[in-house]
Number of protein chains: 4
Amino acid sequence: MSMNSFGHLFRVTTWGESHGPALGATVDGCPPNIEVSEEMLQQWLDLRKPGQNKYTTQRREPDAVRILSGTFEGKTTGTPIQLMIENTDQRSKDYGDIVEKFRPGHADITYFQKYGIRDHRGGGRSSARETAARVAAGGIARAALKALVPNLEIKGYMVQMGPHAIDRSKFDWSQIDQNPFWTPDADTAASWADYLDGLRKAGSSVGAIVEVVARNAPAGLGAPVYAKLDTDLAAAMMSINAVKGVEIGEGMNAAALTGEENADEIRMGENGPEFTSNHAGGILGGISTGQDLVVRFAVKPTSSILTTRKTVTKTGDDTEIITKGRHDPCVGIRAVPVGEAMMACTLLDHILLHRGQIGSNQGQIG
Amino acid sequence: MSMNSFGHLFRVTTWGESHGPALGATVDGCPPNIEVSEEMLQQWLDLRKPGQNKYTTQRREPDAVRILSGTFEGKTTGTPIQLMIENTDQRSKDYGDIVEKFRPGHADITYFQKYGIRDHRGGGRSSARETAARVAAGGIARAALKALVPNLEIKGYMVQMGPHAIDRSKFDWSQIDQNPFWTPDADTAASWADYLDGLRKAGSSVGAIVEVVARNAPAGLGAPVYAKLDTDLAAAMMSINAVKGVEIGEGMNAAALTGEENADEIRMGENGPEFTSNHAGGILGGISTGQDLVVRFAVKPTSSILTTRKTVTKTGDDTEIITKGRHDPCVGIRAVPVGEAMMACTLLDHILLHRGQIGSNQGQIG
Amino acid sequence: MSMNSFGHLFRVTTWGESHGPALGATVDGCPPNIEVSEEMLQQWLDLRKPGQNKYTTQRREPDAVRILSGTFEGKTTGTPIQLMIENTDQRSKDYGDIVEKFRPGHADITYFQKYGIRDHRGGGRSSARETAARVAAGGIARAALKALVPNLEIKGYMVQMGPHAIDRSKFDWSQIDQNPFWTPDADTAASWADYLDGLRKAGSSVGAIVEVVARNAPAGLGAPVYAKLDTDLAAAMMSINAVKGVEIGEGMNAAALTGEENADEIRMGENGPEFTSNHAGGILGGISTGQDLVVRFAVKPTSSILTTRKTVTKTGDDTEIITKGRHDPCVGIRAVPVGEAMMACTLLDHILLHRGQIGSNQGQIG
Amino acid sequence: MSMNSFGHLFRVTTWGESHGPALGATVDGCPPNIEVSEEMLQQWLDLRKPGQNKYTTQRREPDAVRILSGTFEGKTTGTPIQLMIENTDQRSKDYGDIVEKFRPGHADITYFQKYGIRDHRGGGRSSARETAARVAAGGIARAALKALVPNLEIKGYMVQMGPHAIDRSKFDWSQIDQNPFWTPDADTAASWADYLDGLRKAGSSVGAIVEVVARNAPAGLGAPVYAKLDTDLAAAMMSINAVKGVEIGEGMNAAALTGEENADEIRMGENGPEFTSNHAGGILGGISTGQDLVVRFAVKPTSSILTTRKTVTKTGDDTEIITKGRHDPCVGIRAVPVGEAMMACTLLDHILLHRGQIGSNQGQIG
């Protein structure tokens with residue numbers, strides 16, 4: 001019952017703080033004989049690496065991942081895989097105000113209230129740097145998925161920045177990798193660039209909505225009632241820093257629909273039943289239907305802004321604070337590869353679970 | 001790693017199908033010496049009981065709960081508490097079309113695809129009847145919470161039915177128990193009544209949004225990183241039948257806010273730090289702040305409607321189906337006490353976890 | 001993390017006290033489409049039922065098991081199986097001394113020290129009646145094993161009663177079901193009968209050693225390092241009431257052997273590698289070898305004896321106690337089917353785990 | 001459900017192979033504000049370090065432990081503690097026969113049968129080097145125990161080497177640290193030295209029995225029914241490499257006793273109830289009594305011996321093997337600090353569990 005682990009059979013434990021010697025992930029339950037390498041993992045880490053462009057924090061870390069265990073001659077052995085990323089940019093700095101003051105909207109105050117420790121160095125365990133370990137672990141999951149479900153495809157992208165949503169009619173899958181926001185709508189990408197530039201210069205920040213889709217996931221994944229696929233995806237996404245909402249398919253909008261509008265009708269296709277729509281986001285009763293799995297999550301704006309804010313000190317005095325230093329005007333951008341990693345880990349986990357619990361008893365229609 | 005259990009130290013396993021002899025909950029980890037009785041549990045079950053008024057399904061079940069173990073002379077002993085609710089309305093019926101056809105929007109098809117079994121009797125394990133067991137277990141959690149945090153208050157209510165949201169300016173806590181929709185806005189309750197009547201007569205259905213609030217929960221609850229309080233609440237709510245989205249505080253709307261708008265400022269109050277707003281929904285970094293905990297979830301409309309829908313048969317033929325029989329035009333209504341129960345179980349669980357892992361090391365401000 | 005559950009994927013939670021309305025087992029993770037019936041389970045329960053002969057307690061319970069959920073038309077559905085056994089012999093009795101005094105060698109005192117509750121009714125949760133639920137759950141496991149590994153055979157038997165061990169040279173598998181002690185040595189069975197008769201008349205009791213063997217279990221079961229097959233078997237057996245020691249293969253005697261004596265040599269057989277001996281008890285490095293799995297456990301004598309013993313009262317006064325009423329001179333006898341049930345549950349669990357985590361990557365020799 | 005983790009609230013995951021870059025332990029759930037340092041951990045690691053004297057393997061590793069996360073200014077923060085030990089002696093060697101042949105009595109063959117991978121480098125995950133990570137994690141547990149139960153004392157020692165047991169009448173606690181075998185009987189230590197010297201020269205090996213005692217552990221620890229203190233201790237010890245049997249108190253010998261002999265009588269002492277003997281090993285009904293906790297385990301002889309043995313190759317041919325290189329004539333010696341570490345981790349875990357689940361409801365006698 002580790003509090004820093006997720007997954008049932010494919011189980012990932014992340015560890016490490018933003019300013020300690022290293023952070024990483026202990027990955028247990030990866031099937032044996034899967035090809036993995038540090039290079040394979042590094043490609044995913046490089047995506048979320050800070051300092052890539054002017055829209056993300058200028059903290060520069062190589063974020064080089066090392067595999068310390070669990071492989072032999074380039075393949076997994078079935079034993080725990082330890083992934084370590086050293087913190088190279090952890091020099092002692094002038095933390096200034098942060099040593100004594102709590103930052104509004106940060107986890108400073110709750111960590112202190114819980115643990116009685118004030119580790120003022122940049123967020124400690126609550127820092128977004130923890131997500132680097134998730135991305136590394138997600139790379140292991142992707143390698144295993146590639147072997148088990150070769151045509152499975154996982155893709156994350158931004159669908160809203162601040163109040164500005166993409167135009168779904170311009171959705172173009174091939175555009176996602178062509179802009180710094182991983183968004184499928186090229187026109188919106190252009191307007192977001194200007195918008196974000198303005199926010200950055202003003203020392204402000206804004207939230208975002210990220211959507212993650214998995215294509216070609218098999219039907220039958222999900223273990224009712226409390227390890228439903230949507231339940232586990234909701235937990236996976238909500239556990240990411242700054243996430244405040246999670247939706248499957250229609251999500252919160254399902255409330256506004258009638259039964260006629262919401263239920264996806266079924267027709268027999270060449271390879272089995274097909275649905276004429278996907279309001280369900282690929283999940284019914286907590287079990288995958290074989291359609292695209294569609295998850296969305298909202299990331300709140302970072303509270304590290306250049307505006308003076310009211311707060312209190314450790315000793316209980318009213319004061320004000322302004323958070324100087326490196327800023328990420330829209331942390332949602334870097335959450336995209338993290339969402340993909342959580343999708344990959346969750347799907348692999350449920351594929352293994354299904355294989356263990358159900359075997360070949362699965363029902364065939366037609 | 002039971003797939004039908006939730007919670008870490010206060011652990012609830014629900015069991016049973018809608019049409020078997022009984023269903024219930026195995027509740028493990030309740031502290032000893034807590035006063036509980038069947039009457040205490042029954043009051044909560046009666047709230048979600050079907051057939052209460054014309055807005056909920058006319059299936060009539062007494063839903064009488066029995067305590068089979070775990071108590072002695074009216075108090076918990078620290079051993080597992082078995083709660084059983086017999087299914088009295090399980091007579092063999094003419095299931096008609098459902099035996100061979102899958103209902104669009106139902107879990108029929110995914111359960112079959114997963115398990116290779118077609119239990120056509122009213123939904124089996126995916127039926128909303130499973131939530132009766134949650135409400136019973138929630139009653140145990142409430143009893144323990146009453147002993148541990150006497151002034152804690154948990155309240156659920158509807159804030160949207162179909163496209164019609166309440167008017168937040170008319171929010172009146174005392175109205176919640178005064179209308180069949182558990183809504184804090186009396187005017188909206190009246191308009192919903194008409195709206196739902198129309199839907200019911202048309203054999204249609206509609207979704208809803210439920211909000212659950214916990215007042216006076218202590219600061220410091222939540223176990224980062226993968227058992228954050230919001231992570232566990234998101235999983236708890238998403239595991240409820242028909243839920244498609246979960247929000248904490250601002251929820252999906254956090255995406256549209258700037259850092260200045262979103263971060264809650266802090267001032268020193270009489271009993272410690274206080275926040276000047278609650279966009280966070282009472283949770284920062286996965287840990288409770290001591291403010292109101294605010295969770296919302298969207299319930300999709302039931303797909304049991306009187307409109308003909310396209311579907312397929314077990315043998316893979318295209319066909320149509322119309323779902324006759326008892327209908328719940330807005331299943332969201334009955335989800336209110338279920339949401340409260342999940343909040344109660346999750347909070348008790350985290351209070352026990354915190355007590356075990358942290359003890360008296362908690363930090364004091366001021 | 002239920003404290004009353006065991007198993008990873010095949011997960012059993014037992015509940016209930018000796019003197020409450022009922023006890024039972026919540027069985028989660030049984031594969032679907034397995035044939036089970038109350039009759040199948042009852043045959044195993046009847047084996048451990050008290051009052052069978054003069055060597056076991058005269059408490060008479062029909063121990064009739066009911067399946068409340070998880071099956072449809074005689075087959076498992078993949079959902080939780082609830083097994084309930086009503087306590088019919090729970091009439092309020094004159095508990096006499098036990099209300100205020102702690103019985104030496106009983107869990108009375110530790111349960112009170114832990115939970116602050118003195119449930120004096122016959123042991124409550126620490127009663128051997130809890131093992132009826134294990135036997136019922138074991139019946140489910142056996143049914144699934146029969147489908148998955150048809151030639152698997154599980155057999156428990158007594159190899160020592162008090163200081164009197166069986167003669168291994170007279171070991172006859174076919175004798176096990178022919179005597180009230182489930183022992184493979186007919187001569188010893190006869191001498192034990194006299195020995196136990198004497199103990200019973202004297203109001204005394206004695207310990208025993210039970211051995212459980214599984215034949216034809218596949219190689220490769222066990223999940224190193226902390227869910228090794230021997231680790232899980234040790235936990236399973238040690239969790240049975242009154243067990244004080246567990247051995248695999250040579251067990252404690254392995255200490256006395258040299259490397260030459262202990263290591264089992266290997267030769268190639270028709271169907272793969274074979275071992276020329278089985279000191280290892282069928283497990284190397286926590287993983288099954290394909291040989292017979294051999295587990296032994298020691299059961300201490302019951303402390304319910306007709307001899308006056310020194311003890312203290314709840315209020316802390318020195319006193320004496322004599323435990324009248326029904327006695328089991330050798331509780332080890334009734335532990336035999338319980339040991340078999342724990343073996344069945346553990347093996348099924350590891351077969352499912354292996355299937356989930358390893359799939360078809362298993363190595364073939366030759 | 002990590003297969004490489006143990007513990008409920010204090011949860012340790014070990015990772016790493018004998019010949020990879022590093023191995024270690026991810027320690028989750030340590031309470032905050034506990035003083036720990038690499039020096040504190042190193043003292044325990046140095047005890048089990050190989051190459052200490054002629055009785056243990058000559059593999060020389062500094063076994064220097066690094067703390068990579070979870071502490072701030074010398075104290076734990078409540079976040080995961082990553083402990084890493086680099087493998088410095090991992091140079092590529094001539095593995096000779098081992099590449100193609102399976103060593104009798106080793107986990108070579110079962111790891112291959114399970115995972116389909118033949119990592120021939122010195123045992124991989126099944127190597128005794130894995131226990132270094134346990135000892136490091138045990139150091140964290142000891143530090144927390146020191147803060148929570150200051151007078152708790154944990155001590156392991158050898159009580160049997162090969163067929164030669166110590167003389168219990170010469171038991172002298174102060175002798176344990178005075179001889180290379182950690183045995184409390186000085187005379188036996190001397191005779192064991194000669195005995196082991198002979199075995200070493202002959203290239204043979206022998207088993208051992210280790211006893212671990214915890215003094216001053218509080219009453220009330222242990223979570224019935226499947227996380228009993230003795231169940232968890234049995235699992236903890238059986239998970240150590242080469243262990244084949246585990247005993248609590250009288251252990252296997254309990255079988256030979258009568259109820260009169262076995263049950264420990266109770267008298268009122270100054271600070272509560274006291275027992276006049278300790279056949280139970282400090283545990284009744286799975287819960288600690290407050291007496292000394294006494295656990296014993298048998299370690300089999302290593303099968304790395306200089307005698308030719310029959311075996312098979314990967315390709316299924318009969319052959320012979322002789323294991324050259326570094327040998328540990330009695331691996332039981334180095335198991336002593338490992339047993340202590342497992343006791344420390346298990347006790348801390350149950351203290352946290354008890355604190356979480358029971359709080360201050362514990363019963364007081366007198």
# chains A, B, ... in the order shown; residues from 1 in each chain; ligands from 1
>>> select_by_dssp(residues="range 157-342 of chain D", states="strand (DSSP E or B)", output="VMD selection string")
chain D and resid 157 to 161 164 to 165 206 208 to 215 223 227 243 to 248 258 266 to 269 272 to 275 283 to 284 287 to 288 293 to 299 309 to 313 318 to 321
>>> residues_around(residues="range 247-258 of chain D", least_positions_apart="3", cutoff="7 Å", atoms="only C-alpha atoms", output="PDB file with N, CA and C atoms, in the first residue's frame")
ATOM      1  N   MET C 161       1.393 -36.493  15.850  1.00  0.00           N
ATOM      2  CA  MET C 161       0.431 -36.093  16.880  1.00  0.00           C
ATOM      3  C   MET C 161       1.176 -36.140  18.205  1.00  0.00           C
ATOM      4  N   GLY C 162       1.189 -35.022  18.898  1.00  0.00           N
ATOM      5  CA  GLY C 162       2.015 -34.971  20.109  1.00  0.00           C
ATOM      6  C   GLY C 162       3.428 -35.361  19.722  1.00  0.00           C
ATOM      7  N   PRO C 163       4.090 -36.170  20.525  1.00  0.00           N
ATOM      8  CA  PRO C 163       5.469 -36.544  20.180  1.00  0.00           C
ATOM      9  C   PRO C 163       5.534 -37.701  19.179  1.00  0.00           C
ATOM     10  N   SER C 204      -7.196 -33.278  28.557  1.00  0.00           N
ATOM     11  CA  SER C 204      -5.962 -32.643  28.112  1.00  0.00           C
ATOM     12  C   SER C 204      -6.021 -32.414  26.594  1.00  0.00           C
ATOM     13  N   SER C 205      -4.930 -31.945  26.034  1.00  0.00           N
ATOM     14  CA  SER C 205      -4.874 -31.680  24.593  1.00  0.00           C
ATOM     15  C   SER C 205      -3.440 -31.824  24.130  1.00  0.00           C
ATOM     16  N   VAL C 206      -3.265 -31.893  22.823  1.00  0.00           N
ATOM     17  CA  VAL C 206      -1.927 -32.091  22.288  1.00  0.00           C
ATOM     18  C   VAL C 206      -1.811 -31.451  20.908  1.00  0.00           C
ATOM     19  N   GLY C 207      -0.585 -31.139  20.518  1.00  0.00           N
ATOM     20  CA  GLY C 207      -0.332 -30.513  19.220  1.00  0.00           C
ATOM     21  C   GLY C 207      -0.215 -31.522  18.091  1.00  0.00           C
ATOM     22  N   ALA C 208       0.088 -31.039  16.912  1.00  0.00           N
ATOM     23  CA  ALA C 208       0.179 -31.925  15.749  1.00  0.00           C
ATOM     24  C   ALA C 208       0.964 -31.244  14.638  1.00  0.00           C
ATOM     25  N   ILE C 209       1.434 -32.059  13.697  1.00  0.00           N
ATOM     26  CA  ILE C 209       2.042 -31.513  12.480  1.00  0.00           C
ATOM     27  C   ILE C 209       1.260 -32.018  11.268  1.00  0.00           C
ATOM     28  N   LYS C 244       2.252 -22.532  14.732  1.00  0.00           N
ATOM     29  CA  LYS C 244       3.448 -21.899  15.306  1.00  0.00           C
ATOM     30  C   LYS C 244       4.708 -22.107  14.470  1.00  0.00           C
ATOM     31  N   GLY C 245       4.631 -22.907  13.411  1.00  0.00           N
ATOM     32  CA  GLY C 245       5.817 -23.120  12.591  1.00  0.00           C
ATOM     33  C   GLY C 245       5.417 -23.604  11.213  1.00  0.00           C
ATOM     34  N   VAL C 246       6.189 -23.214  10.204  1.00  0.00           N
ATOM     35  CA  VAL C 246       5.909 -23.624   8.823  1.00  0.00           C
ATOM     36  C   VAL C 246       7.220 -24.073   8.174  1.00  0.00           C
ATOM     37  N   ALA C 298       3.038 -26.777  12.117  1.00  0.00           N
ATOM     38  CA  ALA C 298       2.779 -27.302  13.451  1.00  0.00           C
ATOM     39  C   ALA C 298       1.620 -26.546  14.078  1.00  0.00           C
ATOM     40  N   VAL C 299       0.688 -27.310  14.637  1.00  0.00           N
ATOM     41  CA  VAL C 299      -0.464 -26.732  15.331  1.00  0.00           C
ATOM     42  C   VAL C 299      -0.261 -26.947  16.823  1.00  0.00           C
ATOM     43  N   LYS C 300      -0.349 -25.896  17.596  1.00  0.00           N
ATOM     44  CA  LYS C 300      -0.157 -26.042  19.040  1.00  0.00           C
ATOM     45  C   LYS C 300      -1.388 -26.701  19.661  1.00  0.00           C
ATOM     46  N   PRO C 301      -1.254 -27.269  20.847  1.00  0.00           N
ATOM     47  CA  PRO C 301      -2.425 -27.856  21.521  1.00  0.00           C
ATOM     48  C   PRO C 301      -3.372 -26.753  21.974  1.00  0.00           C
TER      49      PRO C 301
ATOM     50  N   ASP D 230       2.449 -12.751  13.512  1.00  0.00           N
ATOM     51  CA  ASP D 230       3.252 -13.944  13.201  1.00  0.00           C
ATOM     52  C   ASP D 230       3.182 -14.294  11.711  1.00  0.00           C
ATOM     53  N   GLU D 261       1.406 -28.034  29.096  1.00  0.00           N
ATOM     54  CA  GLU D 261       2.799 -27.612  28.930  1.00  0.00           C
ATOM     55  C   GLU D 261       2.916 -26.319  28.126  1.00  0.00           C
ATOM     56  N   ASN D 262       2.027 -26.155  27.156  1.00  0.00           N
ATOM     57  CA  ASN D 262       2.233 -25.095  26.167  1.00  0.00           C
ATOM     58  C   ASN D 262       1.696 -23.724  26.568  1.00  0.00           C
ATOM     59  N   HIS D 279       6.164 -19.812  25.832  1.00  0.00           N
ATOM     60  CA  HIS D 279       6.078 -20.801  24.746  1.00  0.00           C
ATOM     61  C   HIS D 279       5.494 -20.167  23.489  1.00  0.00           C
ATOM     62  N   ALA D 280       4.680 -19.142  23.672  1.00  0.00           N
ATOM     63  CA  ALA D 280       3.984 -18.516  22.551  1.00  0.00           C
ATOM     64  C   ALA D 280       4.903 -17.642  21.714  1.00  0.00           C
ATOM     65  N   GLY D 281       6.095 -17.359  22.208  1.00  0.00           N
ATOM     66  CA  GLY D 281       6.980 -16.456  21.461  1.00  0.00           C
ATOM     67  C   GLY D 281       6.439 -15.045  21.384  1.00  0.00           C
ATOM     68  N   VAL D 294       9.802 -13.874  19.632  1.00  0.00           N
ATOM     69  CA  VAL D 294      10.865 -14.836  19.325  1.00  0.00           C
ATOM     70  C   VAL D 294      10.571 -15.539  18.000  1.00  0.00           C
ATOM     71  N   VAL D 295      11.415 -15.315  17.012  1.00  0.00           N
ATOM     72  CA  VAL D 295      11.268 -15.920  15.688  1.00  0.00           C
ATOM     73  C   VAL D 295      12.548 -16.672  15.347  1.00  0.00           C
ATOM     74  N   ARG D 296      12.411 -17.822  14.753  1.00  0.00           N
ATOM     75  CA  ARG D 296      13.571 -18.590  14.291  1.00  0.00           C
ATOM     76  C   ARG D 296      13.374 -18.962  12.835  1.00  0.00           C
ATOM     77  N   PHE D 297      14.478 -19.044  12.101  1.00  0.00           N
ATOM     78  CA  PHE D 297      14.365 -19.539  10.731  1.00  0.00           C
ATOM     79  C   PHE D 297      15.588 -20.360  10.358  1.00  0.00           C
TER      80      PHE D 297
END
>>> atom_distance(atom1="CA of Gln362 in chain B", atom2="CA of Gly286 in chain B")
15.9 Å
>>> interface_residues(of="chain A", to="chain D", cutoff="7 Å", atoms="only C-alpha atoms", output="ChimeraX atom specification")
/A:1-2,8-9,11,15-17,20-22,28,32,68-70,72,77-78,80,82,115,117,119
>>> residues_around(residues="Ala202 in chain A", least_positions_apart="3", cutoff="10 Å", atoms="only C-alpha atoms", output="list of chain:residue names")
A:Leu196, A:Asp197, A:Gly198, A:Leu199, A:Ser205, A:Ile305, A:Leu306, A:Thr307, A:Pro329
>>> residues_around(residues="Leu293 in chain A", least_positions_apart="2", cutoff="9 Å", atoms="only C-alpha atoms", output="PyMOL selection string")
chain A and resi 212-217+248-249+280-283+288-291+295
>>> residues_around(residues="Ala335 in chain A", least_positions_apart="4", cutoff="9 Å", atoms="only C-alpha atoms", output="PDB file with all heavy atoms, in the first residue's frame")
ATOM      1  N   ARG A  48       9.125  16.300 -22.554  1.00  0.00           N
ATOM      2  CA  ARG A  48       8.623  17.116 -21.441  1.00  0.00           C
ATOM      3  C   ARG A  48       9.719  17.956 -20.776  1.00  0.00           C
ATOM      4  O   ARG A  48       9.455  18.724 -19.865  1.00  0.00           O
ATOM      5  CB  ARG A  48       7.927  16.281 -20.368  1.00  0.00           C
ATOM      6  CG  ARG A  48       8.859  15.494 -19.479  1.00  0.00           C
ATOM      7  CD  ARG A  48       8.258  15.084 -18.167  1.00  0.00           C
ATOM      8  NE  ARG A  48       8.202  16.184 -17.220  1.00  0.00           N
ATOM      9  CZ  ARG A  48       9.284  16.783 -16.712  1.00  0.00           C
ATOM     10  NH1 ARG A  48      10.486  16.449 -17.075  1.00  0.00           N
ATOM     11  NH2 ARG A  48       9.140  17.750 -15.824  1.00  0.00           N
ATOM     12  N   THR A 131       7.052  14.465 -12.319  1.00  0.00           N
ATOM     13  CA  THR A 131       6.441  13.866 -13.506  1.00  0.00           C
ATOM     14  C   THR A 131       7.478  13.339 -14.497  1.00  0.00           C
ATOM     15  O   THR A 131       7.142  12.531 -15.369  1.00  0.00           O
ATOM     16  CB  THR A 131       5.519  14.875 -14.229  1.00  0.00           C
ATOM     17  OG1 THR A 131       6.295  16.009 -14.625  1.00  0.00           O
ATOM     18  CG2 THR A 131       4.398  15.327 -13.311  1.00  0.00           C
ATOM     19  N   VAL A 210      -5.986  19.228 -21.502  1.00  0.00           N
ATOM     20  CA  VAL A 210      -5.250  18.255 -22.296  1.00  0.00           C
ATOM     21  C   VAL A 210      -6.168  17.064 -22.563  1.00  0.00           C
ATOM     22  O   VAL A 210      -6.925  16.646 -21.686  1.00  0.00           O
ATOM     23  CB  VAL A 210      -3.980  17.784 -21.550  1.00  0.00           C
ATOM     24  CG1 VAL A 210      -3.286  16.646 -22.293  1.00  0.00           C
ATOM     25  CG2 VAL A 210      -3.030  18.947 -21.317  1.00  0.00           C
ATOM     26  N   ILE A 240      -1.708  13.794 -11.344  1.00  0.00           N
ATOM     27  CA  ILE A 240      -0.721  14.702 -11.951  1.00  0.00           C
ATOM     28  C   ILE A 240      -0.837  16.071 -11.292  1.00  0.00           C
ATOM     29  O   ILE A 240      -1.943  16.545 -11.014  1.00  0.00           O
ATOM     30  CB  ILE A 240      -0.972  14.829 -13.478  1.00  0.00           C
ATOM     31  CG1 ILE A 240      -0.879  13.454 -14.163  1.00  0.00           C
ATOM     32  CG2 ILE A 240       0.017  15.810 -14.106  1.00  0.00           C
ATOM     33  CD1 ILE A 240      -1.289  13.459 -15.642  1.00  0.00           C
ATOM     34  N   ASN A 241       0.303  16.701 -11.068  1.00  0.00           N
ATOM     35  CA  ASN A 241       0.305  18.022 -10.425  1.00  0.00           C
ATOM     36  C   ASN A 241      -0.652  18.978 -11.114  1.00  0.00           C
ATOM     37  O   ASN A 241      -0.659  19.059 -12.336  1.00  0.00           O
ATOM     38  CB  ASN A 241       1.686  18.672 -10.534  1.00  0.00           C
ATOM     39  CG  ASN A 241       2.768  17.766 -10.018  1.00  0.00           C
ATOM     40  OD1 ASN A 241       2.805  16.601 -10.382  1.00  0.00           O
ATOM     41  ND2 ASN A 241       3.609  18.293  -9.160  1.00  0.00           N
ATOM     42  N   VAL A 299      -5.695  21.451 -16.288  1.00  0.00           N
ATOM     43  CA  VAL A 299      -4.537  21.817 -15.477  1.00  0.00           C
ATOM     44  C   VAL A 299      -4.714  23.271 -15.041  1.00  0.00           C
ATOM     45  O   VAL A 299      -4.938  24.142 -15.886  1.00  0.00           O
ATOM     46  CB  VAL A 299      -3.246  21.675 -16.308  1.00  0.00           C
ATOM     47  CG1 VAL A 299      -2.019  22.004 -15.465  1.00  0.00           C
ATOM     48  CG2 VAL A 299      -3.140  20.277 -16.898  1.00  0.00           C
ATOM     49  N   VAL A 331       1.656  25.586 -17.610  1.00  0.00           N
ATOM     50  CA  VAL A 331       2.231  24.274 -17.268  1.00  0.00           C
ATOM     51  C   VAL A 331       1.502  23.128 -17.973  1.00  0.00           C
ATOM     52  O   VAL A 331       2.022  22.020 -18.072  1.00  0.00           O
ATOM     53  CB  VAL A 331       2.246  24.005 -15.753  1.00  0.00           C
ATOM     54  CG1 VAL A 331       3.327  24.832 -15.076  1.00  0.00           C
ATOM     55  CG2 VAL A 331       0.891  24.276 -15.129  1.00  0.00           C
ATOM     56  N   GLY A 339       0.440  13.028 -19.412  1.00  0.00           N
ATOM     57  CA  GLY A 339      -0.849  12.360 -19.620  1.00  0.00           C
ATOM     58  C   GLY A 339      -0.707  11.125 -20.488  1.00  0.00           C
ATOM     59  O   GLY A 339      -1.327  10.089 -20.216  1.00  0.00           O
ATOM     60  N   GLU A 340       0.109  11.225 -21.511  1.00  0.00           N
ATOM     61  CA  GLU A 340       0.353  10.045 -22.358  1.00  0.00           C
ATOM     62  C   GLU A 340       0.981   8.910 -21.559  1.00  0.00           C
ATOM     63  O   GLU A 340       0.612   7.738 -21.716  1.00  0.00           O
ATOM     64  CB  GLU A 340       1.294  10.413 -23.517  1.00  0.00           C
ATOM     65  CG  GLU A 340       0.682  11.319 -24.574  1.00  0.00           C
ATOM     66  CD  GLU A 340       1.657  11.615 -25.705  1.00  0.00           C
ATOM     67  OE1 GLU A 340       2.875  11.374 -25.539  1.00  0.00           O
ATOM     68  OE2 GLU A 340       1.207  12.101 -26.756  1.00  0.00           O
TER      69      GLU A 340
END
>>> atom_distance(atom1="CA of Trp182 in chain C", atom2="CA of Met158 in chain C")
6.0 Å
>>> closest_residue(among="D:Leu148, D:Asn271, D:Arg334, D:Ala107", to="Arg355 in chain D", atoms="only C-alpha atoms")
D:Leu148
>>> atom_distance(atom1="CA of Ala136 in chain A", atom2="CA of Pro224 in chain C")
23.5 Å
>>> residues_around(residues="Pro104 in chain A", least_positions_apart="3", cutoff="12 Å", atoms="only C-alpha atoms", output="PyMOL selection string")
(chain A and resi 98+101+107-110+302-305+307-313+319-323) or (chain B and resi 259-267+273-280+284-285+289)
>>> select_by_dssp(residues="range 190-341 of chain D", states="helix (DSSP H, G or I)", output="PyMOL selection string")
chain D and resi 190-201+229-238+251-256+259-262+332-341
